[in-house]
>>> print(open('data01.txt').read())   # compact mmCIF, C-alpha atoms
# COMPACT_ATOMS: atom_id res chain seq x y z
CA MET A 155 -17.82 -8.42 23.46
CA LEU A 156 -17.07 -12.14 23.53
CA ALA A 157 -13.72 -13.47 22.41
CA GLU A 158 -15.65 -15.96 20.28
CA GLU A 159 -17.08 -13.01 18.30
CA THR A 160 -13.69 -11.32 17.88
CA THR A 161 -10.82 -11.80 15.46
CA LEU A 162 -7.27 -11.29 16.68
CA ILE A 163 -5.20 -9.41 14.11
CA LEU A 164 -1.51 -9.56 14.98
CA LEU A 165 0.38 -6.79 13.21
CA ALA A 166 3.84 -8.21 12.50
CA ALA A 167 4.83 -6.16 9.45
CA GLY A 168 6.86 -2.97 9.25
CA ARG A 169 10.32 -1.92 8.19
CA SER A 170 11.60 -1.52 11.78
CA ARG A 171 14.06 1.10 10.57
CA ARG A 172 15.11 2.02 14.10
CA PHE A 173 16.10 -1.58 14.83
CA GLY A 174 18.58 -1.84 11.96
CA ASP A 175 18.84 -4.78 9.56
CA ALA A 176 17.93 -7.52 12.05
CA ASP A 177 14.41 -8.95 12.32
CA LYS A 178 13.39 -7.53 15.69
CA LEU A 179 10.47 -9.94 16.01
CA ALA A 180 12.85 -12.90 15.88
CA GLN A 181 15.22 -11.54 18.53
CA GLU A 182 15.46 -13.65 21.65
CA PHE A 183 13.76 -12.51 24.82
CA LEU A 184 13.41 -14.95 27.72
CA HIS A 185 14.43 -17.88 25.49
CA LYS A 186 12.00 -17.31 22.63
CA PRO A 187 11.43 -14.78 19.84
CA VAL A 188 9.96 -11.42 20.85
CA ALA A 189 6.86 -11.98 18.71
CA TYR A 190 6.01 -15.34 20.24
CA HIS A 191 5.40 -13.82 23.67
CA VAL A 192 2.10 -12.22 22.71
CA VAL A 193 1.22 -15.33 20.70
CA THR A 194 1.77 -17.52 23.77
CA ALA A 195 0.03 -15.10 26.13
CA LEU A 196 -3.14 -15.16 24.04
CA GLU A 197 -3.14 -18.77 22.85
CA ASP A 198 -5.91 -19.84 25.25
CA VAL A 199 -8.20 -16.88 24.48
CA PRO A 200 -10.96 -18.44 22.30
CA PHE A 201 -10.88 -15.95 19.45
CA ARG A 202 -13.13 -16.58 16.45
CA HIS A 203 -10.17 -16.25 14.10
CA ARG A 204 -6.44 -15.42 14.31
CA ILE A 205 -4.65 -13.48 11.57
CA ALA A 206 -1.00 -12.45 11.40
CA VAL A 207 0.02 -9.76 8.90
CA ILE A 208 3.73 -10.04 8.15
CA ASP A 209 6.33 -8.82 5.71
CA GLY A 210 9.92 -10.06 5.94
CA THR A 211 9.89 -12.07 9.17
CA LYS A 212 10.66 -15.78 8.91
CA LEU A 213 8.74 -16.66 12.07
CA ASP A 214 6.17 -19.40 11.53
CA PHE A 215 2.90 -17.92 12.75
CA ALA A 216 0.90 -20.49 10.79
CA SER A 217 2.18 -23.23 13.09
CA ARG A 218 0.82 -21.22 16.02
CA GLY A 219 -2.74 -21.20 14.70
CA PHE A 220 -2.71 -18.02 12.59
CA ASP A 221 -3.80 -17.43 9.04
CA VAL A 222 -0.84 -15.54 7.59
CA ILE A 223 -1.21 -12.58 5.22
CA VAL A 224 1.86 -11.01 3.63
CA ASN A 225 1.99 -7.23 3.33
CA GLU A 226 3.89 -6.82 0.08
CA ASP A 227 4.28 -3.06 0.56
CA PRO A 228 5.16 -2.30 4.22
CA ALA A 229 6.47 1.11 3.15
CA ALA A 230 2.84 2.10 2.52
CA GLY A 231 2.36 2.43 6.27
CA MET A 232 0.72 0.33 8.93
CA SER A 233 -2.72 1.22 7.61
CA LEU A 234 -2.17 -1.27 4.78
CA SER A 235 -1.53 -4.05 7.30
CA VAL A 236 -4.67 -2.97 9.16
CA LYS A 237 -6.69 -3.16 5.94
CA LEU A 238 -5.30 -6.55 4.94
CA GLY A 239 -6.10 -8.04 8.31
CA LEU A 240 -9.49 -6.38 8.49
CA ARG A 241 -10.59 -7.62 5.08
CA ALA A 242 -9.78 -11.18 6.07
CA ALA A 243 -11.62 -10.76 9.36
CA ARG A 244 -14.69 -9.39 7.63
CA ALA A 245 -14.72 -12.38 5.29
CA ALA A 246 -14.86 -14.60 8.38
CA GLY A 247 -17.96 -12.77 9.63
CA THR A 248 -16.40 -11.36 12.77
CA ARG A 249 -18.24 -8.91 15.03
CA ALA A 250 -15.09 -7.14 16.27
CA VAL A 251 -11.35 -7.10 15.74
CA LEU A 252 -8.57 -6.87 18.27
CA PHE A 253 -5.38 -5.35 16.91
CA ALA A 254 -2.24 -6.40 18.79
CA LEU A 255 1.39 -5.73 17.99
CA ALA A 256 3.97 -8.49 17.71
CA ASP A 257 6.63 -6.24 19.24
CA MET A 258 4.77 -5.82 22.56
CA PRO A 259 5.94 -8.95 24.41
CA ARG A 260 4.49 -8.13 27.84
CA ILE A 261 0.78 -8.16 26.96
CA THR A 262 -1.33 -10.50 29.10
CA ALA A 263 -4.56 -12.38 28.52
CA ALA A 264 -6.00 -10.73 31.63
CA HIS A 265 -5.66 -7.30 30.01
CA ILE A 266 -7.22 -8.54 26.77
CA TYR A 267 -10.26 -9.81 28.68
CA ARG A 268 -10.61 -6.39 30.28
CA LEU A 269 -10.62 -4.81 26.81
CA LEU A 270 -13.30 -7.27 25.69
CA ASP A 271 -15.40 -6.49 28.77
CA ALA A 272 -15.21 -2.77 27.94
CA ALA A 273 -16.35 -3.32 24.33
CA ARG A 274 -20.12 -3.20 24.73
CA ASP A 275 -21.52 -3.02 21.19
CA ASP A 276 -20.78 -2.86 17.47
CA ASP A 277 -19.69 0.79 17.73
CA ALA A 278 -16.98 -0.09 20.26
CA VAL A 279 -13.58 1.57 20.20
CA VAL A 280 -11.53 0.40 23.18
CA ALA A 281 -7.79 1.01 23.48
CA SER A 282 -5.17 0.25 26.09
CA SER A 283 -3.66 3.07 28.14
CA ASP A 284 -1.05 3.75 30.78
CA GLY A 285 -3.37 6.42 32.19
CA ILE A 286 -1.86 9.12 29.98
CA LYS A 287 -2.31 8.15 26.35
CA PRO A 288 -3.99 5.34 24.38
CA CYS A 289 -2.12 2.63 22.50
CA PRO A 290 -2.62 -0.93 21.27
CA PRO A 291 -3.93 -3.50 21.85
CA ALA A 292 -7.26 -2.06 20.78
CA ILE A 293 -10.70 -3.38 19.85
CA PHE A 294 -13.00 -2.04 17.14
CA GLY A 295 -16.59 -3.13 16.64
CA ARG A 296 -17.85 -3.94 13.15
CA ASN A 297 -19.53 -0.55 12.72
CA ARG A 298 -16.01 0.95 12.67
CA PHE A 299 -14.64 -1.32 9.95
CA ASP A 300 -15.50 0.93 7.01
CA PHE A 301 -13.70 3.85 8.63
CA LEU A 302 -10.59 1.77 9.32
CA GLU A 303 -10.51 0.59 5.72
CA SER A 304 -10.59 4.22 4.54
CA LEU A 305 -7.35 5.15 6.32
CA GLU A 306 -4.16 5.99 4.45
CA GLY A 307 -0.55 6.03 5.65
CA ASP A 308 0.12 5.87 9.38
CA ALA A 309 -2.34 8.57 10.42
CA GLY A 310 -6.10 8.87 10.66
CA ALA A 311 -7.39 6.85 13.62
CA ARG A 312 -5.93 9.10 16.31
CA ASP A 313 -9.07 11.09 17.04
CA LEU A 314 -11.29 8.00 16.94
CA VAL A 315 -9.09 6.16 19.43
CA ARG A 316 -8.72 9.15 21.74
CA ALA A 317 -12.49 9.55 21.86
CA GLY A 318 -13.06 5.87 22.64
CA ARG A 319 -12.85 3.99 25.91
CA HIS A 320 -9.43 3.43 27.49
CA VAL A 321 -8.51 0.51 29.73
CA VAL A 322 -5.60 1.38 31.98
CA THR A 323 -2.90 -1.14 32.79
CA ALA A 324 0.68 -1.08 34.07
CA PRO A 325 2.99 0.89 31.75
CA ALA A 326 5.52 -1.96 31.67
CA GLU A 327 2.87 -4.24 30.11
CA LEU A 328 2.56 -1.86 27.17
CA ILE A 329 6.23 -1.45 26.30
CA ASP A 330 6.99 -1.93 22.62
CA ILE A 331 10.33 -2.80 21.04
CA ASP A 332 11.44 -0.22 18.49
CA THR A 333 15.22 -0.19 18.95
CA PRO A 334 17.98 -2.54 20.16
CA GLU A 335 18.18 -0.33 23.25
CA ASP A 336 14.50 -1.01 24.00
CA LEU A 337 15.16 -4.74 23.86
CA GLU A 338 18.20 -4.48 26.11
CA GLN A 339 16.19 -2.45 28.62
CA LEU A 340 13.47 -5.08 28.62
CA ARG A 341 16.03 -7.84 29.14
CA ALA A 342 17.46 -5.89 32.06
CA ILE A 343 14.01 -5.58 33.63
CA ALA A 344 13.43 -9.31 33.24
CA ALA A 345 16.81 -10.06 34.84
CA SER A 346 16.33 -7.56 37.67
CA PRO A 347 12.62 -7.11 38.51
CA GLU A 348 13.46 -4.28 40.90
CA THR A 349 14.10 -2.12 37.80
CA HIS A 350 10.47 -2.64 36.70
CA ASP A 351 9.46 0.83 37.81
CA ALA A 352 12.04 2.42 35.51
CA ILE A 353 9.47 2.17 32.72
CA THR A 354 6.96 4.92 33.35
CA ARG A 355 4.89 4.97 30.19
CA PRO A 356 4.52 3.27 26.79
CA ARG A 357 5.52 5.09 23.62
CA ALA A 358 3.50 3.02 21.17
CA GLU A 359 0.97 4.81 18.97
CA PRO A 360 1.86 2.75 15.92
CA TRP A 361 -0.98 2.92 13.48
CA TRP A 362 -1.94 6.53 14.08
CA ALA A 363 1.45 8.17 14.71
CA PRO A 364 3.97 8.64 11.88
CA THR A 365 6.95 8.08 14.19
CA ALA A 366 6.26 4.36 14.63
CA GLY A 367 9.19 2.01 14.17
>>> encode(input="data01.txt", output="structure tokens")
Amino acid sequence: MLAEETTLILLAAGRSRRFGDADKLAQEFLHKPVAYHVVTALEDVPFRHRIAVIDGTKLDFASRGFDVIVNEDPAAGMSLSVKLGLRAARAAGTRAVLFALADMPRITAAHIYRLLDAARDDDAVVASSDGIKPCPPAIFGRNRFDFLESLEGDAGARDLVRAGRHVVTAPAELIDIDTPEDLEQLRAIAASPETHDAITRPRAEPWWAPTAG
């Protein structure tokens, strides 16, 4: 699957209940907001279209090349953000979508290209993995769009993703920020790279697991 045939959908909505009242996406990590790390990492990937689905964040994704869609009901679950992004991508005539999370600041373009290489046709379902369980970022070919639009709440795609292809990468690349403690741990790793191995696996299963933050 070519990047030029694929729409990036950045999921940046959600109540982040485990993070408290602060906007976790706007928290500073290595001198810029958490959410801008994945934006910067993927800015040179020639996606057909870039969409950011947000709710309360004040971050300016439009200035970073994204069409911004507001999820007015984040309590409905991440599936609503998936649907909103997917509908916009379909209108643009995309062949595939790549869902990425704004609270996963260690994602690299190299890993995204490996996902694209593994997506061979319009039936593609390709997720990231630490070698144990699948998680975002993940690619879905256009033959999967109807199914994704049928989902409700935060569950439903688990079996589809588990049965798809999985591209393994370092667990630390897949860390997501759910709590202030997660962010502090990530800051500690950045300050002391020798602690890198302390992260053994990602916990993110956000759009198919009801425990997502």
>>> atom_distance(input="data01.txt", atom1="CA of Leu213 in chain A", atom2="CA of Glu182 in chain A")
12.1 Å
>>> atom_distance(input="data01.txt", atom1="CA of Gly318 in chain A", atom2="CA of Arg202 in chain A")
23.3 Å
>>> residues_around(input="data01.txt", residues="Leu179 in chain A", least_positions_apart="3", cutoff="10 Å", atoms="all atoms listed in the file", output="CSV table (one decimal) with C-alpha atoms, in the frame of the given file")
chain,number,residue,atom,x,y,z
A,166,ALA,CA,3.8,-8.2,12.5
A,167,ALA,CA,4.8,-6.2,9.4
A,170,SER,CA,11.6,-1.5,11.8
A,176,ALA,CA,17.9,-7.5,12.0
A,182,GLU,CA,15.5,-13.6,21.6
A,183,PHE,CA,13.8,-12.5,24.8
A,187,PRO,CA,11.4,-14.8,19.8
A,188,VAL,CA,10.0,-11.4,20.8
A,189,ALA,CA,6.9,-12.0,18.7
A,190,TYR,CA,6.0,-15.3,20.2
A,191,HIS,CA,5.4,-13.8,23.7
A,211,THR,CA,9.9,-12.1,9.2
A,212,LYS,CA,10.7,-15.8,8.9
A,213,LEU,CA,8.7,-16.7,12.1
A,256,ALA,CA,4.0,-8.5,17.7
A,257,ASP,CA,6.6,-6.2,19.2
A,258,MET,CA,4.8,-5.8,22.6
A,259,PRO,CA,5.9,-9.0,24.4
A,331,ILE,CA,10.3,-2.8,21.0
>>> atom_distance(input="data01.txt", atom1="CA of Ala292 in chain A", atom2="CA of Val224 in chain A")
21.4 Å
>>> residues_around(input="data01.txt", residues="range 162-165 of chain A", least_positions_apart="5", cutoff="8 Å", atoms="all atoms listed in the file", output="number ranges by chain")
A: 201-208, 235-236, 239-240, 251-256
>>> closest_residue(input="data01.txt", among="A:Thr194, A:Ala245, A:Leu302, A:Asp214", to="Ala180 in chain A", atoms="only C-alpha atoms")
A:Asp214
>>> closest_residue(input="data01.txt", among="A:Glu335, A:His185, A:Arg296, A:Asp277", to="Arg241 in chain A", atoms="only C-alpha atoms")
A:Arg296
